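The data block below is protein-v1.cif; it holds mmCIF, C-alpha atoms.
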data_model
#
loop_
_atom_site.label_atom_id
_atom_site.label_comp_id
_atom_site.auth_asym_id
_atom_site.auth_seq_id
_atom_site.Cartn_x
_atom_site.Cartn_y
_atom_site.Cartn_z
CA MET A 469 7.90 -66.70 3.59
CA GLY A 470 6.97 -63.03 3.40
CA ASP A 471 4.98 -63.45 6.60
CA ASP A 472 7.99 -65.01 8.40
CA THR A 473 10.21 -62.11 7.35
CA GLU A 474 7.63 -59.65 8.59
CA ARG A 475 7.36 -61.45 11.92
CA PHE A 476 11.15 -61.51 12.34
CA GLU A 477 11.22 -57.79 11.65
CA GLU A 478 8.48 -57.45 14.23
CA LEU A 479 10.60 -59.38 16.75
CA CYS A 480 13.65 -57.22 16.03
CA ARG A 481 11.72 -54.19 17.18
CA TYR A 482 12.15 -55.60 20.70
CA ARG A 483 15.96 -55.82 20.43
CA GLU A 484 16.72 -52.70 22.42
CA ARG A 485 14.14 -53.50 25.08
CA LEU A 486 15.60 -56.99 25.32
CA GLU A 487 19.13 -55.64 25.78
CA HIS A 488 17.90 -53.36 28.59
CA PHE A 489 16.19 -56.29 30.24
CA LEU A 490 19.39 -58.36 30.09
CA VAL A 491 21.51 -55.54 31.47
CA HIS A 492 19.00 -55.21 34.28
CA PHE A 493 19.35 -58.96 34.73
CA GLY A 494 23.06 -58.53 35.42
CA ARG A 495 24.68 -58.80 31.97
CA SER A 496 27.24 -56.37 30.66
CA PRO A 497 26.03 -54.24 27.72
CA GLU A 498 28.20 -56.29 25.32
CA ASP A 499 26.93 -59.60 26.65
CA ALA A 500 23.37 -58.28 26.58
CA ARG A 501 23.73 -57.30 22.89
CA ASP A 502 25.06 -60.74 21.91
CA LEU A 503 22.54 -62.57 24.03
CA ALA A 504 19.63 -60.52 22.66
CA GLN A 505 20.75 -61.41 19.13
CA ASP A 506 20.86 -65.13 20.06
CA VAL A 507 17.41 -64.95 21.61
CA LEU A 508 15.93 -63.25 18.55
CA ILE A 509 17.44 -65.81 16.17
CA ASP A 510 16.37 -68.74 18.37
CA THR A 511 12.86 -67.39 18.74
CA ASN A 512 12.57 -66.87 15.01
CA LYS A 513 13.35 -70.57 14.45
CA HIS A 514 10.02 -71.47 16.01
CA ILE A 515 8.12 -68.29 15.44
CA ASP A 516 4.97 -70.36 14.94
CA ARG A 517 4.91 -70.94 18.72
CA VAL A 518 4.69 -67.22 19.41
CA PRO A 519 1.10 -65.98 19.20
CA LEU A 520 0.60 -62.49 17.84
CA GLY A 521 0.63 -59.95 20.64
CA TYR A 522 2.68 -62.16 22.97
CA GLU A 523 6.10 -61.50 21.41
CA TRP A 524 7.46 -59.52 24.34
CA ALA A 525 6.34 -62.01 26.98
CA TYR A 526 7.89 -64.84 24.97
CA LEU A 527 11.16 -62.98 24.36
CA ARG A 528 11.44 -61.95 27.98
CA VAL A 529 11.15 -65.50 29.30
CA ALA A 530 13.41 -66.84 26.55
CA ALA A 531 16.05 -64.19 27.31
CA ARG A 532 15.90 -64.91 31.01
CA ASN A 533 16.33 -68.65 30.41
CA HIS A 534 19.18 -68.05 27.92
CA ALA A 535 20.96 -65.86 30.43
CA ILE A 536 20.65 -68.45 33.19
CA ASN A 537 21.76 -71.29 30.91
CA GLN A 538 24.74 -69.29 29.72
CA ALA A 539 25.75 -68.46 33.27
CA THR A 540 25.50 -72.14 34.20
CA ARG A 541 27.60 -73.19 31.18
CA THR A 542 30.36 -70.63 31.72
CA LYS A 543 30.13 -71.12 35.47
CA VAL A 544 31.50 -67.71 36.32
CA ASP A 545 32.86 -68.01 39.78
CA ALA A 546 31.44 -65.49 42.13
CA PRO A 547 33.99 -63.72 44.26
CA LEU A 548 34.63 -65.73 47.36
CA ALA A 549 32.88 -64.37 50.33
CA VAL A 550 35.42 -63.69 53.01
CA GLU A 551 34.11 -64.02 56.48
CA TYR A 552 35.95 -62.18 59.14
CA ALA A 553 35.75 -63.51 62.59
CA ASP A 554 34.21 -61.09 65.02
CA PRO A 555 36.99 -60.59 67.58
CA ALA A 556 34.42 -59.73 70.22
CA ARG A 557 32.88 -63.21 69.93
CA SER A 558 34.39 -66.39 71.11
CA ALA A 559 34.35 -69.52 68.95
CA GLU A 560 31.67 -70.95 71.20
CA GLU A 561 29.48 -67.89 70.79
CA ARG A 562 29.85 -68.05 67.02
CA LEU A 563 28.86 -71.71 67.04
CA ILE A 564 25.80 -70.97 69.13
CA ALA A 565 24.83 -68.13 66.77
CA GLU A 566 25.19 -70.38 63.72
CA GLN A 567 23.07 -73.09 65.29
CA GLU A 568 20.45 -70.57 66.25
CA SER A 569 20.43 -69.18 62.72
CA ARG A 570 20.06 -72.64 61.20
CA ARG A 571 17.21 -73.54 63.54
CA PHE A 572 15.51 -70.25 62.68
CA ARG A 573 15.76 -70.94 58.94
CA GLU A 574 14.34 -74.42 59.44
CA ARG A 575 11.45 -73.10 61.54
CA PHE A 576 10.78 -70.38 59.00
CA HIS A 577 10.89 -72.83 56.08
CA ALA A 578 8.43 -75.20 57.78
CA ALA A 579 6.07 -72.43 58.84
CA PHE A 580 6.11 -70.67 55.47
CA SER A 581 5.49 -73.95 53.65
CA GLU A 582 2.32 -74.44 55.70
CA LEU A 583 0.75 -71.27 54.28
CA SER A 584 -1.61 -71.43 51.29
CA ALA A 585 -0.07 -70.72 47.88
CA ASP A 586 -1.99 -67.42 47.72
CA SER A 587 -0.67 -66.32 51.11
CA GLN A 588 2.89 -67.29 50.19
CA GLN A 589 2.69 -65.32 46.96
CA VAL A 590 1.12 -62.29 48.64
CA VAL A 591 3.99 -62.21 51.15
CA VAL A 592 6.66 -62.70 48.47
CA LEU A 593 5.27 -59.88 46.31
CA ARG A 594 4.97 -57.66 49.36
CA SER A 595 8.61 -58.37 50.22
CA ARG A 596 9.46 -57.09 46.73
CA GLY A 597 7.71 -53.80 47.44
CA PHE A 598 4.46 -54.38 45.57
CA SER A 599 1.50 -52.37 46.88
CA GLY A 600 -1.72 -54.10 47.92
CA ASP A 601 -3.44 -53.04 44.69
CA GLU A 602 -0.53 -54.26 42.56
CA ILE A 603 -0.60 -57.62 44.35
CA ALA A 604 -4.36 -57.82 43.86
CA ARG A 605 -3.98 -57.15 40.13
CA SER A 606 -1.06 -59.57 39.75
CA LEU A 607 -2.73 -62.44 41.57
CA ASP A 608 -6.28 -61.68 40.44
CA LEU A 609 -7.45 -61.26 44.03
CA HIS A 610 -9.67 -58.67 45.62
CA PRO A 611 -7.66 -56.10 47.66
CA THR A 612 -9.53 -57.24 50.76
CA ALA A 613 -8.43 -60.82 50.11
CA VAL A 614 -4.84 -59.62 49.76
CA ARG A 615 -5.01 -57.92 53.17
CA SER A 616 -6.61 -60.92 54.85
CA ARG A 617 -4.00 -63.31 53.42
CA GLN A 618 -1.22 -60.98 54.49
CA SER A 619 -2.64 -60.77 57.98
CA ARG A 620 -3.16 -64.50 58.25
CA ALA A 621 0.39 -65.18 57.07
CA ALA A 622 1.86 -62.68 59.50
CA LYS A 623 -0.11 -64.15 62.40
CA HIS A 624 1.01 -67.66 61.46
CA LEU A 625 4.67 -66.61 61.24
CA ARG A 626 4.46 -64.91 64.63
CA GLU A 627 3.04 -68.02 66.21
CA ARG A 628 5.41 -70.46 64.55
CA VAL A 629 8.61 -68.46 64.08
CA GLY A 630 8.47 -65.46 66.36
CA VAL A 631 7.87 -61.73 66.28
CA PRO A 632 9.75 -60.19 63.33
CA PRO A 633 12.16 -57.35 64.03
CA ALA A 634 11.36 -53.82 62.90
CA GLY A 635 11.74 -53.27 59.19
CA VAL A 636 10.41 -56.64 58.06
CA ALA A 637 7.27 -55.11 56.59
CA TRP A 638 6.30 -58.23 54.66
CA ALA A 639 5.87 -60.17 57.90
CA ASP A 640 3.94 -57.58 59.85
CA LEU A 641 0.34 -58.01 60.93
CA ILE A 642 -1.11 -54.83 59.64
CA GLY A 643 -0.16 -55.22 56.02
CA ASP A 644 0.45 -51.53 55.42
CA GLU A 645 1.34 -50.36 51.97
CA PRO A 646 5.11 -50.32 51.49
CA MET B 203 18.07 -62.64 68.37
CA MET B 204 17.21 -62.80 64.68
CA THR B 205 17.78 -59.71 62.60
CA LYS B 206 15.96 -58.23 59.60
CA ASP B 207 18.64 -59.80 57.35
CA ASP B 208 18.01 -63.23 58.87
CA TRP B 209 14.30 -62.94 58.04
CA ASN B 210 14.97 -61.70 54.50
CA ASP B 211 17.56 -64.45 53.92
CA ALA B 212 15.16 -67.07 55.22
CA LEU B 213 12.48 -65.89 52.79
CA ASP B 214 14.95 -65.84 49.86
CA THR B 215 16.07 -69.36 50.72
CA TRP B 216 12.47 -70.54 50.82
CA ILE B 217 11.76 -68.90 47.42
CA ASP B 218 14.80 -70.62 45.84
CA SER B 219 13.84 -73.99 47.19
CA GLU B 220 10.17 -73.60 46.20
CA GLY B 221 11.19 -72.55 42.67
CA HIS B 222 13.24 -75.72 42.33
CA ARG B 223 10.45 -77.83 43.78
CA LEU B 224 8.08 -76.45 41.14
CA GLY B 225 10.42 -77.46 38.35
CA GLY B 226 12.54 -74.35 37.88
CA SER B 227 12.15 -71.83 35.10
CA PRO B 228 8.97 -71.99 33.04
CA THR B 229 9.41 -72.20 29.26
CA PRO B 230 8.36 -69.24 27.11
CA GLU B 231 5.59 -71.41 25.64
CA GLU B 232 4.23 -72.18 29.11
CA VAL B 233 4.24 -68.52 30.08
CA VAL B 234 2.49 -67.48 26.88
CA ALA B 235 -0.11 -70.24 27.38
CA TYR B 236 -0.59 -69.01 30.95
CA LEU B 237 -1.03 -65.42 29.81
CA ARG B 238 -3.60 -66.59 27.26
CA GLY B 239 -5.48 -68.58 29.92
CA GLU B 240 -4.88 -71.86 28.09
CA LEU B 241 -3.37 -73.95 30.91
CA SER B 242 -5.12 -76.37 33.24
CA ALA B 243 -5.73 -75.07 36.76
CA ALA B 244 -2.78 -77.03 38.17
CA ASP B 245 -0.34 -75.89 35.48
CA ALA B 246 -1.59 -72.31 35.70
CA ALA B 247 -1.01 -72.34 39.48
CA ARG B 248 2.53 -73.66 38.99
CA VAL B 249 3.44 -71.11 36.29
CA ARG B 250 1.91 -68.28 38.31
CA ALA B 251 3.96 -69.28 41.35
CA LEU B 252 7.15 -69.38 39.25
CA LEU B 253 6.40 -65.93 37.85
CA VAL B 254 5.87 -64.64 41.39
CA TYR B 255 9.12 -66.16 42.66
CA ASP B 256 11.26 -64.87 39.78
CA PRO B 257 11.53 -61.07 40.02
CA ALA B 258 12.62 -60.87 36.36
CA LEU B 259 9.34 -62.40 35.25
CA THR B 260 6.95 -61.07 37.90
CA PRO B 261 5.89 -58.04 35.77
CA LEU B 262 4.38 -60.51 33.29
CA LEU B 263 1.68 -61.31 35.86
CA GLN B 264 0.15 -57.94 35.24
CA GLU B 265 0.11 -58.58 31.48
CA ARG B 266 -2.23 -61.48 32.15
CA THR B 267 -4.52 -59.36 34.24
CA THR B 268 -4.63 -56.69 31.55
CA ASN B 269 -5.50 -59.27 28.90
CA ILE B 270 -7.65 -61.94 30.48
CA VAL B 271 -8.99 -60.80 33.79
CA PRO B 272 -10.72 -57.64 32.57
CA PHE B 273 -12.37 -59.69 29.84
CA ARG B 274 -13.62 -62.13 32.47
CA ARG B 275 -14.62 -59.27 34.73
CA ARG B 276 -16.52 -57.68 31.85
CA LEU B 277 -18.36 -60.94 31.29
CA LEU B 278 -19.40 -61.35 34.91
CA PRO B 279 -21.62 -58.25 35.13
CA ILE B 280 -23.14 -59.09 31.75
CA ALA B 281 -23.91 -62.63 32.92
CA ALA B 282 -25.30 -61.29 36.19
CA ALA B 283 -27.47 -58.78 34.32
CA LEU B 284 -28.76 -61.53 32.03
CA VAL B 285 -29.65 -63.72 35.00
CA ILE B 286 -31.47 -60.84 36.69
CA ALA B 287 -33.29 -59.97 33.45
CA LEU B 288 -34.31 -63.60 32.98
CA GLN B 289 -35.54 -63.83 36.56
CA THR B 290 -37.51 -60.60 36.11
CA VAL B 291 -39.14 -61.90 32.92
CA LEU B 292 -40.04 -65.18 34.62
CA LEU B 293 -41.41 -63.32 37.63
CA ILE B 294 -43.54 -61.06 35.43
CA GLN B 295 -44.76 -64.05 33.44
CA SER B 296 -45.73 -65.94 36.56
CA ARG B 297 -47.53 -62.89 37.98
CA VAL B 298 -49.43 -62.39 34.72
CA GLN B 299 -50.39 -66.06 34.77
CA ILE B 300 -51.53 -65.81 38.38
CA ALA B 301 -53.51 -62.66 37.57
CA GLN B 302 -55.13 -64.40 34.61
CA MET B 303 -55.99 -67.40 36.75
CA ASN B 304 -57.52 -65.16 39.40
CA ARG B 305 -59.54 -63.17 36.88
CA PRO B 306 -63.23 -64.18 36.78
CA PHE B 307 -63.54 -66.48 33.81
CA ALA B 308 -66.18 -65.28 31.31
CA HIS B 309 -68.86 -65.24 33.96
CA GLU B 310 -69.00 -61.53 34.13
CA SER B 311 -72.62 -60.50 33.74
CA ARG B 312 -71.98 -58.40 30.69
CA HIS B 313 -70.56 -61.45 28.84
CA GLU B 314 -73.32 -63.73 29.81
CA LEU B 315 -76.44 -64.26 27.78
CA GLU B 316 -79.66 -65.38 29.34
CA ALA B 317 -82.02 -67.70 27.45
CA VAL B 318 -85.36 -69.20 28.44
CA PRO B 319 -86.80 -72.53 27.30
CA LEU B 320 -89.44 -72.29 24.61
CA THR B 321 -92.59 -74.22 25.38
CA ARG B 322 -95.81 -74.80 23.49
CA GLY B 323 -98.46 -72.16 24.03
CA PRO B 324 -98.20 -68.56 25.14
CA ALA B 325 -94.97 -67.55 26.91
CA PRO B 326 -93.48 -64.34 28.18
CA PRO B 327 -91.02 -62.64 25.87
CA PRO B 328 -87.44 -63.83 26.32
CA PRO B 329 -85.11 -61.69 28.36
CA VAL B 330 -83.00 -59.04 26.68
CA THR B 331 -79.25 -58.83 27.18
CA ASP B 332 -77.25 -55.76 26.32
CA LEU B 333 -74.36 -56.57 23.98
CA PRO B 334 -71.22 -54.87 25.14
CA ALA B 335 -69.22 -53.72 22.15
CA GLY B 336 -66.03 -55.46 21.18
CA GLU B 337 -66.52 -58.73 23.06
CA ALA B 338 -65.07 -61.71 21.26
CA ARG B 339 -67.28 -64.34 22.87
CA TYR B 340 -70.49 -64.59 24.88
CA LEU B 341 -71.28 -67.28 27.35
CA LEU B 342 -74.59 -69.01 27.32
CA ALA B 343 -75.50 -71.70 29.84
CA LEU B 344 -78.42 -73.96 28.92
CA PRO B 345 -80.09 -76.49 31.25
CA VAL B 346 -79.75 -79.64 29.17
CA ASP B 347 -79.20 -83.12 30.61
CA GLU B 348 -78.78 -85.32 27.57
CA PRO B 349 -75.78 -85.25 25.21
CA SER B 350 -76.51 -83.30 22.08
CA SER B 351 -75.22 -83.97 18.60
CA ARG B 352 -75.70 -80.39 17.47
CA ILE B 353 -76.77 -76.96 18.62
CA ASP B 354 -77.94 -74.30 16.16
CA LEU B 355 -78.18 -70.58 16.73
CA VAL B 356 -81.05 -69.36 14.59
CA ASP B 357 -82.24 -65.84 13.75
CA ARG B 358 -84.83 -64.62 11.25
CA SER B 359 -82.61 -65.54 8.35
CA GLY B 360 -81.94 -69.10 9.56
CA VAL B 361 -79.01 -70.87 11.23
CA VAL B 362 -76.20 -68.38 11.88
CA TRP B 363 -73.89 -70.56 14.02
CA SER B 364 -73.64 -74.21 15.05
CA GLU B 365 -71.80 -76.27 17.60
CA THR B 366 -71.49 -80.06 17.51
CA GLU B 367 -70.66 -82.80 19.99
CA VAL B 368 -71.58 -80.82 23.07
CA ARG B 369 -71.70 -82.71 26.34
CA PRO B 370 -73.52 -81.43 29.45
CA ILE B 371 -71.60 -80.96 32.66
CA GLU B 372 -73.65 -81.27 35.85
CA GLY B 373 -76.93 -80.79 33.91
CA SER B 374 -75.81 -77.81 31.91
CA ILE B 375 -74.35 -77.08 28.52
CA GLU B 376 -72.09 -74.09 28.22
CA LEU B 377 -71.73 -72.41 24.87
CA GLU B 378 -69.25 -69.78 23.84
CA ILE B 379 -70.84 -67.93 20.96
CA PRO B 380 -68.45 -65.84 18.88
CA GLY B 381 -69.46 -62.20 19.08
CA LYS B 382 -69.35 -61.72 15.32
CA PHE B 383 -72.48 -63.91 14.93
CA LEU B 384 -74.59 -61.79 17.24
CA ARG B 385 -76.42 -58.64 16.19
CA PRO B 386 -79.22 -56.91 18.07
CA GLY B 387 -82.39 -58.97 17.67
CA SER B 388 -84.13 -62.20 18.69
CA TYR B 389 -82.49 -65.60 18.57
CA ARG B 390 -83.54 -69.18 19.01
CA ILE B 391 -81.36 -72.05 20.03
CA ASP B 392 -82.23 -75.53 18.80
CA VAL B 393 -80.66 -78.40 20.72
CA TYR B 394 -80.54 -81.73 18.84
CA GLY B 395 -80.01 -85.14 20.42
CA GLU B 396 -79.79 -88.36 18.40
CA GLY B 397 -80.98 -86.67 15.20
CA HIS B 398 -84.07 -85.12 16.75
CA LEU B 399 -84.86 -81.84 18.42
CA VAL B 400 -84.53 -82.08 22.19
CA LYS B 401 -85.05 -78.55 23.45
CA ARG B 402 -85.44 -75.00 22.29
CA PHE B 403 -84.38 -71.76 23.96
CA ALA B 404 -84.81 -68.12 23.08
CA PHE B 405 -82.99 -64.90 23.94
CA ARG B 406 -82.82 -61.37 22.75
CA VAL B 407 -79.92 -58.98 22.53
CA ARG B 408 -79.75 -55.27 21.87
#
Kindly return the structure encoded in the file as structure tokens.
Amino acid sequence: MGDDTERFEELCRYRERLEHFLVHFGRSPEDARDLAQDVLIDTNKHIDRVPLGYEWAYLRVAARNHAINQATRTKVDAPLAVEYADPARSAEERLIAEQESRRFRERFHAAFSELSADSQQVVVLRSRGFSGDEIARSLDLHPTAVRSRQSRAAKHLRERVGVPPAGVAWADLIGDEP
Amino acid sequence: MMTKDDWNDALDTWIDSEGHRLGGSPTPEEVVAYLRGELSAADAARVRALLVYDPALTPLLQERTTNIVPFRRRLLPIAAALVIALQTVLLIQSRVQIAQMNRPFAHESRHELEAVPLTRGPAPPPPVTDLPAGEARYLLALPVDEPSSRIDLVDRSGVVWSETEVRPIEGSIELEIPGKFLRPGSYRIDVYGEGHLVKRFAFRVR
């Protein structure tokens, strides 16, 4: 019993960090405080599943899942996106643009799905601004392997989807550091 | 003409759909098991992909590499060093064995004693062999055809060393006499067959 109390106290040391994480995740400070409390209490119910030293990892995933579940339950409606018709475009032009956009997404989806899991993950992390070394550490790959996967993915996307416009660094061939 | 936003949207759409295909959010238990390296390869690949595709959880990937990967990376050089050390030891052993096999086997002149057969009547004195100090054994080859039941090494005091059940090879018996039984002086060798004396030899050492 004493051990359980000590472990709960140990968990509570992460409260503030948890609240920050939830705010960063899009919660208001009040929501984050309540949600953090729920997560701590829930986690404490099955504290035996949390190995020593892995408290923060466990809490972080639990908090993220709580936040998503809560959002699904309350179903907060996002503000409706209002699309304004471009007066310079005719209805026919807009239709053509939409079709082109849909075909592009389909081509991209098919081409990206053909890449290896490592290549897909390298590109995704690169699109989030990770450096080559950070990607290598995260995916347990050698930096050279990261660059070769990046290059291979970029070449494949060029062949199957097309040349990316400027500014899409994650799809370029060179794989420069962001 | 597709814009930068089109490309970024297409990637985001793919990430969403792939996350759903992989089963959605991982449980905290799965993530902890992944970080501890306790999942099967297939489950580990799935959890890793979900951590990559969820920006809120992606930083956890680096927690795994700080816990597990360095440990594995520390083990690899140690294992490699052990393999190299083992190979070196085996190589040295095999070279020593080859060197030993190539070394002249006890036929070096300084290890070899020379004896002459003793016959009735006057005979020249037996040859003298210098005893190198510190030798453990001395080789003595005697021309004997018949199997012998016993061979005695005899000095003035009597039998100092014996060997039994000695069989000739190609008309010769080879004896290895322990060095501790030999002192400077004259020796006789009595070769016995079926209970009777067959031949006698003599040698001297100094």
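Of note, atom CA of Val491 of chain A and atom CA of Ala251 of chain B are spaced 24.4 Å apart.
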- Message: Using the chain letters and numbers from this file, what does the PyMOL selection byres ((chain B) within 6 of (chain A)) select? Give the answer as a VMD selection string.
- Response: chain B and resid 206 212 216 230 263 to 264
Deliver the residues from the most recent selection as a file, using C-alpha atoms, as a tab-separated table (two decimals), in the frame of the given file.
chain	number	residue	atom	x	y	z
B	206	LYS	CA	15.96	-58.23	59.60
B	212	ALA	CA	15.16	-67.07	55.22
B	216	TRP	CA	12.47	-70.54	50.82
B	230	PRO	CA	8.36	-69.24	27.11
B	263	LEU	CA	1.68	-61.31	35.86
B	264	GLN	CA	0.15	-57.94	35.24
- Task: Apply the PyMOL selection byres ((chain A and resi 476) around 9) to the displayed file and report the matching residues as a ChimeraX atom specification.
- Result: /A:471-475,477-481,508-509,511-512,515
- Query: What residues come out when you apply the PyMOL selection byres ((chain B and resi 395-403) around 6) to this file, written as a ChimeraX atom specification?
  - Reply: /B:317-320,350-351,390-394,404
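Of note, atom CA of His534 of chain A and atom CA of Leu503 of chain A are spaced 7.5 Å apart.
As for atom CA of Asp208 of chain B and atom CA of Glu561 of chain A, they are spaced 17.2 Å apart.
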Report the centre and edge lengths, in Å to one decimal, of an axis-aligned box enclosing every atom of segment 279-298 of chain B listed in the file, padded by 4 Å on each side, as JSON.
{"center_x": -35.5, "center_y": -62.1, "center_z": 34.9, "size_x": 35.8, "size_y": 15.7, "size_z": 14.2}
- Of B:Gln289, B:Ser364, B:Gln299, B:Ser374, the one nearest to Pro345 of chain B when counting all atoms listed in the file is B:Ser374
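With distances restricted to all atoms listed in the file, B:Leu384 is the closest residue to Gly336 of chain B from B:Leu384, B:Val407, B:Ile353, B:Ala244.
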